[in-house]
Amino acid sequence: MTDQAPPGSGGDGRPVVVLHVAEDPGFDDRVVAALDEHEGAFAVRTAGSVEAALEALGSGGVDCVVSARGLPECDALDFLAAVRERHGDLPFVLYTGRGDEAFASAAISAGVTDYVRSDVDGHAASLAESIERAARRHRTRQLATDVATRVTDAVAQIDADWRVKTVDDRALELLGVERPEILGERVWDVFPALSESPFGEVYRDVMASREPRTIEEYFEGLDTWFEADIYPDDSGGLSVYFRDVTDRKERERTLARLAELLAADRPFEETLRDLLELGREQLGLPYAFLTRIDEEEGTQTIAEAHGDHELLQPGEESDLSETYCRKTIRTDGALAVEDAVAEGWADDPAYETFQLGCYIGAEVDLGDNRQGTLCFVGPEEMTVEFSKFDRAFVELVAQWAGTEYSRERSERRLKRQNERLEQFASVVSHDLRNPLNVVGLSLEMARETGDAEQFDRAERGVERMDGLIEDLLTLARSGDDVDEVETVDLGALVRECWATVETEGATVTVADDFAVRADRSRLHQLLGNLFRNAVEHGSTNPDSQARRDAVAHGSTSSRPEVDDAAERGRDVTVTVGSLEEGFYVEDDGPGVPEAEREDVFDAGYTTSDTGTGFGLSIVHEIATAHGWRVSVTESDAGGARFEFRGVETPRR
């Protein structure tokens with residue numbers, strides 16, 4: 001005769017824990033009565049609502065759910081769907097008092113384990129048999145899963161005197177010891193740090209209580225995170241199944257830090273720098289960077305970077321055909337290269353230029369049909385493959401970079417538009433009204449007196465309005481975001497621009513030849529405004545000494561008249577040169593008083609009788625539209641010096 005497990009045992013002698021869910025408490029009594037015939041075989045818990053049932057299932061320990069058809073919040077099929085979503089193939093038996101073939105068919109399609117009618121003969125036995133059969137199968141599947149998992153576990157056995165009885169090869173590998181070093185030895189002697197660790201505490205607790213425990217902790221002695229299942233054995237000792245979970249803990253740490261960075265309300269550039277650093281730590285690679293790609297020009301420009309690779313620094317420009325990124329923007333998901341030489345990159349221009357042994361990168365959508373890439377690279381080949389987690393991390397950060405870049409760009413554009421609207425309102429309500437009043441008053445005086453000079457005065461008012469309107473329209477256009485940039489030879493553009501400005505006796509010098517990435521026409525406009533400003537305010541001839549003295553003492557409301565316009569800027573020298581991350585334009589005129597340097601870019605600011613006050617405001621708008629920072633300081637000669645930083649300056 002074959003021994004069989006008692007009904008309700010689930011196949012291993014333990015009672016089957018049943019969770020019954022019904023709106024009618026009386027129905028609970030009938031279920032309990034049906035299962036009580038098998039004394040000790042079933043342990044029945046009840047829940048009067050779906051919410052309470054799901055909470056009970058979340059606490060664990062339930063072997064089978066028995067549900068009525070009608071429930072307080074929903075029907076049984078909705079409850080079944082929730083159980084399947086959260087608890088997989090946990091047995092679920094429908095126990096209903098009325099038959100409905102259509103409902104039964106829907107339940108079977110939804111994954112119900114069994115369907116038992118309570119209004120037919122023998123229903124109690126049918127219910128018990130159904131639950132027992134489902135629980136046995138479920139426990140068998142769980143056991144098979146546990147066994148499969150433990151095949152990869154390290155295993156060690158310890159006797160009642162804490163001596164190591166057996167240890168497998170995987171355990172020796174994880175612990176970094178040889179079998180003779182540990183076999184037969186007291187575990188505390190082999191690993192002294194174990195005794196005072198959380199693991200030692202749990203081992204002693206299991207040895208004393210004979211109850212199994214699971215622990216997941218960092219073991220400082222081996223610089224490793226371990227997860228261990230400790231069971232008491234029949235000989236009075238312990239069986240320990242353990243595994244190295246350091247990689248998983250590192251992923252959890254990375255995910256927590258990633259979530260923290262993405263949730264923080266900080267500027268895009270700051271968060272991006274921290275994400276690049278986090279990626280370097282996660283991937284174990286020395287270089288990280290974000291690029292902007294111009295396929296029409298065939299260039300790649302580094303926008304942000306971490307690491308000391310000389311070709312992977314902000315502002316560095318390369319031919320797209322000589323980069324790894326040319327393939328990244330054609331790849332769905334992340335492009336991963338673990339061993340460049342082995343994977344056929346040895347003769348590729350990208351390898352010859354950058355000498356990178358490994359690479360992982362993903363495309364970044366920068367909006368307005370513009371592309372970039374987010375990449376992590378190293379000079380040596382990888383010893384292991386990039387994991388699915390590594391790829392997912394790079395793709396996620398690349399997606400964030402594109403979304404945040406576009407959002408921040410839109411917010412900057414909207415902010416500048418609002419600022420320009422305020423400026424326009426101020427000009428219309430004040431600056432344009434003044435010359436308009438002059439025109440009206442002059443025409444009225446001319447009509448009354450016949451004085452022809454009043455017409456000249458009115459004409460000057462009209463010219464003033466015309467200049468204001470022209471500069472106002474220029475200001476409106478200059479603040480728009482720069483979408484298309486190119487590599488511009490700044491020295492050549494300076495000479496071209498200088499030829500279009502009335503400079504009289506002034507001169508320009510280009511300190512060094514270099515290039516910048518910019519919208520050429522707007523950069524031309526920026527330089528023209530700076531040159532006109534230098535010539536207009538920078539005369540160094542003796543006749544203008546009184547004006548320079550007035551400016552030096554803070555007077556900006558007026559200046560002594562210059563009788564001959566040719567005297568303006570007669571011997572001013574303007575110099576244009578490069579900075580580490582940009583360029584400067586300076587002159588040897590009287591300069592800008594330190595107290596007024598924060599105001600010079602405000603619309604309407606001028607120390608000239610003839611200027612509109614928009615010239616430097618236009619300069620500021622053009623710089624901001626490029627993403628540059630502009631400031632004014634003093635040149636070595638005591639004149640004005642305008643510095644532009646955050647400029648892409650590709651190597652020539």
# chains A, B, ... in the order shown; residues from 1 in each chain; ligands from 1

$ closest_atom_pairs --of "range 229-277 of chain A" --to "range 162-169 of chain A" --cutoff "10 Å" --atoms "only C-alpha atoms" --output "CSV"
residue,atom,partner,partner_atom,distance
A:Gly237,CA,A:Trp162,CA,7.5
A:Leu238,CA,A:Trp162,CA,8.6
A:Ser239,CA,A:Thr166,CA,9.4
A:Val240,CA,A:Val167,CA,9.6

$ write_last_selection --atoms "C-alpha atoms" --output "compact mmCIF listing (two decimals), in the first residue's frame"
# COMPACT_ATOMS: atom_id res chain seq x y z
CA GLY A 237 23.80 21.55 13.74
CA LEU A 238 22.98 23.95 10.90
CA SER A 239 22.67 23.86 7.12
CA VAL A 240 23.52 27.20 5.51

$ select_by_dssp --residues "range 78-320 of chain A" --states "strand (DSSP E)" --output "VMD selection string"
chain A and resid 92 to 96 114 to 117 154 to 158 164 to 167 213 to 219 224 to 232 238 to 244 287 to 294 299 to 306 317 to 319

$ write_last_selection --atoms "C-alpha atoms" --output "PDB file, in the first residue's frame"
ATOM      1  CA  PHE A  92      -7.991  30.298  -6.230  1.00  0.00           C
ATOM      2  CA  VAL A  93     -11.226  28.263  -5.872  1.00  0.00           C
ATOM      3  CA  LEU A  94     -14.672  29.699  -6.605  1.00  0.00           C
ATOM      4  CA  TYR A  95     -17.354  28.305  -4.225  1.00  0.00           C
ATOM      5  CA  THR A  96     -20.749  29.519  -5.327  1.00  0.00           C
ATOM      6  CA  ASP A 114     -11.332  25.334  -9.706  1.00  0.00           C
ATOM      7  CA  TYR A 115     -15.081  26.012  -9.621  1.00  0.00           C
ATOM      8  CA  VAL A 116     -17.172  24.234  -6.925  1.00  0.00           C
ATOM      9  CA  ARG A 117     -20.964  24.422  -6.571  1.00  0.00           C
ATOM     10  CA  ALA A 154      26.811  27.948  -1.792  1.00  0.00           C
ATOM     11  CA  VAL A 155      26.185  25.279   0.857  1.00  0.00           C
ATOM     12  CA  ALA A 156      27.898  24.572   4.151  1.00  0.00           C
ATOM     13  CA  GLN A 157      26.975  22.395   7.139  1.00  0.00           C
ATOM     14  CA  ILE A 158      28.021  23.130  10.710  1.00  0.00           C
ATOM     15  CA  VAL A 164      32.368  22.803   9.555  1.00  0.00           C
ATOM     16  CA  LYS A 165      31.181  19.328   8.484  1.00  0.00           C
ATOM     17  CA  THR A 166      30.782  19.848   4.726  1.00  0.00           C
ATOM     18  CA  VAL A 167      31.347  22.696   2.297  1.00  0.00           C
ATOM     19  CA  ARG A 213      16.030  32.255   9.673  1.00  0.00           C
ATOM     20  CA  THR A 214      16.994  34.306   6.605  1.00  0.00           C
ATOM     21  CA  ILE A 215      19.440  37.202   6.724  1.00  0.00           C
ATOM     22  CA  GLU A 216      20.767  39.691   4.205  1.00  0.00           C
ATOM     23  CA  GLU A 217      23.684  41.781   5.436  1.00  0.00           C
ATOM     24  CA  TYR A 218      27.067  43.201   4.519  1.00  0.00           C
ATOM     25  CA  PHE A 219      29.967  41.097   5.816  1.00  0.00           C
ATOM     26  CA  THR A 224      30.635  41.345   0.383  1.00  0.00           C
ATOM     27  CA  TRP A 225      26.859  41.452   0.765  1.00  0.00           C
ATOM     28  CA  PHE A 226      25.501  37.954   1.504  1.00  0.00           C
ATOM     29  CA  GLU A 227      21.985  36.576   1.659  1.00  0.00           C
ATOM     30  CA  ALA A 228      21.783  33.379   3.722  1.00  0.00           C
ATOM     31  CA  ASP A 229      19.078  30.857   4.614  1.00  0.00           C
ATOM     32  CA  ILE A 230      19.961  29.036   7.861  1.00  0.00           C
ATOM     33  CA  TYR A 231      18.122  25.842   8.787  1.00  0.00           C
ATOM     34  CA  PRO A 232      18.533  23.577  11.848  1.00  0.00           C
ATOM     35  CA  LEU A 238      22.983  23.954  10.901  1.00  0.00           C
ATOM     36  CA  SER A 239      22.668  23.862   7.120  1.00  0.00           C
ATOM     37  CA  VAL A 240      23.525  27.196   5.506  1.00  0.00           C
ATOM     38  CA  TYR A 241      22.583  28.155   1.943  1.00  0.00           C
ATOM     39  CA  PHE A 242      24.131  31.477   0.965  1.00  0.00           C
ATOM     40  CA  ARG A 243      24.745  33.640  -2.088  1.00  0.00           C
ATOM     41  CA  ASP A 244      26.675  36.781  -3.013  1.00  0.00           C
ATOM     42  CA  TYR A 287      34.929  58.703 -18.933  1.00  0.00           C
ATOM     43  CA  ALA A 288      31.349  59.951 -19.345  1.00  0.00           C
ATOM     44  CA  PHE A 289      30.006  62.601 -21.697  1.00  0.00           C
ATOM     45  CA  LEU A 290      26.990  64.141 -23.435  1.00  0.00           C
ATOM     46  CA  THR A 291      27.292  65.164 -27.085  1.00  0.00           C
ATOM     47  CA  ARG A 292      25.431  67.297 -29.594  1.00  0.00           C
ATOM     48  CA  ILE A 293      25.467  66.000 -33.148  1.00  0.00           C
ATOM     49  CA  ASP A 294      25.098  67.978 -36.373  1.00  0.00           C
ATOM     50  CA  THR A 299      30.267  66.973 -36.491  1.00  0.00           C
ATOM     51  CA  GLN A 300      30.054  65.819 -32.909  1.00  0.00           C
ATOM     52  CA  THR A 301      30.579  68.341 -30.093  1.00  0.00           C
ATOM     53  CA  ILE A 302      31.097  67.456 -26.432  1.00  0.00           C
ATOM     54  CA  ALA A 303      28.559  69.382 -24.330  1.00  0.00           C
ATOM     55  CA  GLU A 304      29.364  67.983 -20.860  1.00  0.00           C
ATOM     56  CA  ALA A 305      32.011  65.513 -19.737  1.00  0.00           C
ATOM     57  CA  HIS A 306      33.648  63.766 -16.782  1.00  0.00           C
ATOM     58  CA  GLU A 317      34.518  68.934 -31.812  1.00  0.00           C
ATOM     59  CA  SER A 318      35.178  65.834 -33.927  1.00  0.00           C
ATOM     60  CA  ASP A 319      34.217  64.590 -37.347  1.00  0.00           C
TER      61      ASP A 319
END

$ atom_distance --atom1 "CA of Val585 in chain A" --atom2 "CA of Gly528 in chain A"
11.1 Å

$ residues_around --residues "range 79-86 of chain A" --least-positions-apart "2" --cutoff "8 Å" --atoms "only C-alpha atoms" --output "number ranges by chain"
A: 50, 54, 74-77, 88-90, 92, 110-112

$ residues_around --residues "His123 in chain A" --least-positions-apart "4" --cutoff "12 Å" --atoms "only C-alpha atoms" --output "MDAnalysis selection string"
chainID A and resid 30:31 33:35 95:97 115:119 127:130

$ residues_around --residues "Val377 in chain A" --least-positions-apart "6" --cutoff "9 Å" --atoms "only C-alpha atoms" --output "PyMOL selection string"
chain A and resi 280+285-289+356-361

$ atom_distance --atom1 "CA of Asp233 in chain A" --atom2 "CA of Asp161 in chain A"
13.2 Å

$ select_by_dssp --residues "range 74-222 of chain A" --states "alpha helix (DSSP H)" --output "MDAnalysis selection string"
chainID A and resid 76:87 101:109 123:150 169:175 179:182 187:190 192:195 198:209

$ write_last_selection --atoms "C-alpha atoms" --output "PDB file, in the first residue's frame"
ATOM      1  CA  ALA A  76     -15.098  37.429  -7.982  1.00  0.00           C
ATOM      2  CA  LEU A  77     -13.491  37.798 -11.426  1.00  0.00           C
ATOM      3  CA  ASP A  78     -12.100  41.245 -10.574  1.00  0.00           C
ATOM      4  CA  PHE A  79     -10.772  39.861  -7.287  1.00  0.00           C
ATOM      5  CA  LEU A  80      -9.211  36.936  -9.166  1.00  0.00           C
ATOM      6  CA  ALA A  81      -7.451  39.349 -11.544  1.00  0.00           C
ATOM      7  CA  ALA A  82      -5.995  41.258  -8.564  1.00  0.00           C
ATOM      8  CA  VAL A  83      -4.736  38.020  -6.964  1.00  0.00           C
ATOM      9  CA  ARG A  84      -3.136  36.858 -10.215  1.00  0.00           C
ATOM     10  CA  GLU A  85      -1.420  40.215 -10.677  1.00  0.00           C
ATOM     11  CA  ARG A  86       0.032  40.312  -7.161  1.00  0.00           C
ATOM     12  CA  HIS A  87       0.470  36.649  -6.206  1.00  0.00           C
ATOM     13  CA  GLU A 101     -22.063  28.225 -17.278  1.00  0.00           C
ATOM     14  CA  ALA A 102     -21.143  31.565 -18.870  1.00  0.00           C
ATOM     15  CA  PHE A 103     -19.690  32.794 -15.573  1.00  0.00           C
ATOM     16  CA  ALA A 104     -17.840  29.515 -15.038  1.00  0.00           C
ATOM     17  CA  SER A 105     -16.345  29.752 -18.529  1.00  0.00           C
ATOM     18  CA  ALA A 106     -15.194  33.331 -17.904  1.00  0.00           C
ATOM     19  CA  ALA A 107     -13.641  32.275 -14.584  1.00  0.00           C
ATOM     20  CA  ILE A 108     -11.698  29.438 -16.203  1.00  0.00           C
ATOM     21  CA  SER A 109     -10.453  31.809 -18.916  1.00  0.00           C
ATOM     22  CA  HIS A 123     -20.125  19.762  -2.201  1.00  0.00           C
ATOM     23  CA  ALA A 124     -18.169  19.714   1.104  1.00  0.00           C
ATOM     24  CA  ALA A 125     -16.033  16.776   0.013  1.00  0.00           C
ATOM     25  CA  SER A 126     -15.574  18.342  -3.435  1.00  0.00           C
ATOM     26  CA  LEU A 127     -14.408  21.613  -1.881  1.00  0.00           C
ATOM     27  CA  ALA A 128     -11.919  19.911   0.447  1.00  0.00           C
ATOM     28  CA  GLU A 129     -10.572  17.748  -2.373  1.00  0.00           C
ATOM     29  CA  SER A 130     -10.208  20.742  -4.693  1.00  0.00           C
ATOM     30  CA  ILE A 131      -8.343  22.799  -2.102  1.00  0.00           C
ATOM     31  CA  GLU A 132      -6.066  19.922  -1.108  1.00  0.00           C
ATOM     32  CA  ARG A 133      -5.198  19.089  -4.707  1.00  0.00           C
ATOM     33  CA  ALA A 134      -4.483  22.724  -5.619  1.00  0.00           C
ATOM     34  CA  ALA A 135      -2.371  23.308  -2.485  1.00  0.00           C
ATOM     35  CA  ARG A 136      -0.301  20.152  -3.079  1.00  0.00           C
ATOM     36  CA  ARG A 137       0.474  21.147  -6.661  1.00  0.00           C
ATOM     37  CA  HIS A 138       1.340  24.691  -5.637  1.00  0.00           C
ATOM     38  CA  ARG A 139       3.691  23.551  -2.853  1.00  0.00           C
ATOM     39  CA  THR A 140       5.360  21.101  -5.220  1.00  0.00           C
ATOM     40  CA  ARG A 141       6.000  23.892  -7.717  1.00  0.00           C
ATOM     41  CA  GLN A 142       7.382  26.126  -4.951  1.00  0.00           C
ATOM     42  CA  LEU A 143       9.678  23.360  -3.734  1.00  0.00           C
ATOM     43  CA  ALA A 144      10.953  22.785  -7.276  1.00  0.00           C
ATOM     44  CA  THR A 145      11.639  26.505  -7.600  1.00  0.00           C
ATOM     45  CA  ASP A 146      13.503  26.556  -4.276  1.00  0.00           C
ATOM     46  CA  VAL A 147      15.606  23.564  -5.298  1.00  0.00           C
ATOM     47  CA  ALA A 148      16.410  25.147  -8.659  1.00  0.00           C
ATOM     48  CA  THR A 149      17.456  28.337  -6.891  1.00  0.00           C
ATOM     49  CA  ARG A 150      19.645  26.513  -4.423  1.00  0.00           C
ATOM     50  CA  ASP A 169      33.023  24.266  -4.188  1.00  0.00           C
ATOM     51  CA  ARG A 170      30.799  27.322  -4.620  1.00  0.00           C
ATOM     52  CA  ALA A 171      31.100  28.112  -0.907  1.00  0.00           C
ATOM     53  CA  LEU A 172      34.895  27.802  -1.045  1.00  0.00           C
ATOM     54  CA  GLU A 173      34.929  30.194  -4.007  1.00  0.00           C
ATOM     55  CA  LEU A 174      32.770  32.815  -2.292  1.00  0.00           C
ATOM     56  CA  LEU A 175      34.627  32.554   1.020  1.00  0.00           C
ATOM     57  CA  ARG A 179      38.786  22.995   1.811  1.00  0.00           C
ATOM     58  CA  PRO A 180      41.594  21.872   4.201  1.00  0.00           C
ATOM     59  CA  GLU A 181      41.623  25.341   5.763  1.00  0.00           C
ATOM     60  CA  ILE A 182      37.994  25.115   6.842  1.00  0.00           C
ATOM     61  CA  VAL A 187      33.715  28.478  12.040  1.00  0.00           C
ATOM     62  CA  TRP A 188      34.578  31.237  14.556  1.00  0.00           C
ATOM     63  CA  ASP A 189      38.305  30.384  14.267  1.00  0.00           C
ATOM     64  CA  VAL A 190      38.335  30.497  10.462  1.00  0.00           C
ATOM     65  CA  PRO A 192      36.887  35.657  13.608  1.00  0.00           C
ATOM     66  CA  ALA A 193      34.893  38.648  12.290  1.00  0.00           C
ATOM     67  CA  LEU A 194      31.845  36.382  11.908  1.00  0.00           C
ATOM     68  CA  SER A 195      31.246  36.057  15.638  1.00  0.00           C
ATOM     69  CA  PRO A 198      24.851  40.067  12.346  1.00  0.00           C
ATOM     70  CA  PHE A 199      25.430  36.669  10.717  1.00  0.00           C
ATOM     71  CA  GLY A 200      26.972  35.264  13.889  1.00  0.00           C
ATOM     72  CA  GLU A 201      24.015  36.498  15.914  1.00  0.00           C
ATOM     73  CA  VAL A 202      21.517  34.799  13.584  1.00  0.00           C
ATOM     74  CA  TYR A 203      23.528  31.537  13.523  1.00  0.00           C
ATOM     75  CA  ARG A 204      23.464  31.344  17.323  1.00  0.00           C
ATOM     76  CA  ASP A 205      19.743  32.170  17.392  1.00  0.00           C
ATOM     77  CA  VAL A 206      18.893  29.361  14.941  1.00  0.00           C
ATOM     78  CA  MET A 207      21.118  26.931  16.822  1.00  0.00           C
ATOM     79  CA  ALA A 208      19.302  27.727  20.071  1.00  0.00           C
ATOM     80  CA  SER A 209      15.707  28.078  18.848  1.00  0.00           C
TER      81      SER A 209
END

$ closest_residue --among "A:Leu312, A:Val245, A:Ala511, A:Val485" --to "Ala625 in chain A" --atoms "only C-alpha atoms"
A:Val485

$ residues_around --residues "Asp636 in chain A" --least-positions-apart "2" --cutoff "10 Å" --atoms "only C-alpha atoms" --output "ChimeraX atom specification"
/A:586-588,633-634,638-641

$ write_last_selection --atoms "C-alpha atoms" --output "CSV table (one decimal), in the first residue's frame"
chain,number,residue,atom,x,y,z
A,586,GLU,CA,37.8,94.9,-24.9
A,587,ASP,CA,38.8,98.5,-25.6
A,588,ASP,CA,41.2,101.1,-24.1
A,633,THR,CA,34.9,94.1,-16.3
A,634,GLU,CA,37.9,96.3,-16.8
A,638,GLY,CA,41.3,100.7,-18.1
A,639,GLY,CA,38.6,100.3,-20.7
A,640,ALA,CA,35.6,98.1,-21.0
A,641,ARG,CA,36.1,94.3,-21.3

$ residues_around --residues "Asp519 in chain A" --least-positions-apart "4" --cutoff "8 Å" --atoms "only C-alpha atoms" --output "list of chain:residue names"
A:Val482, A:Glu484, A:Val485, A:Glu486, A:Leu523

$ atom_distance --atom1 "CA of Glu316 in chain A" --atom2 "CA of Gly646 in chain A"
12.5 Å
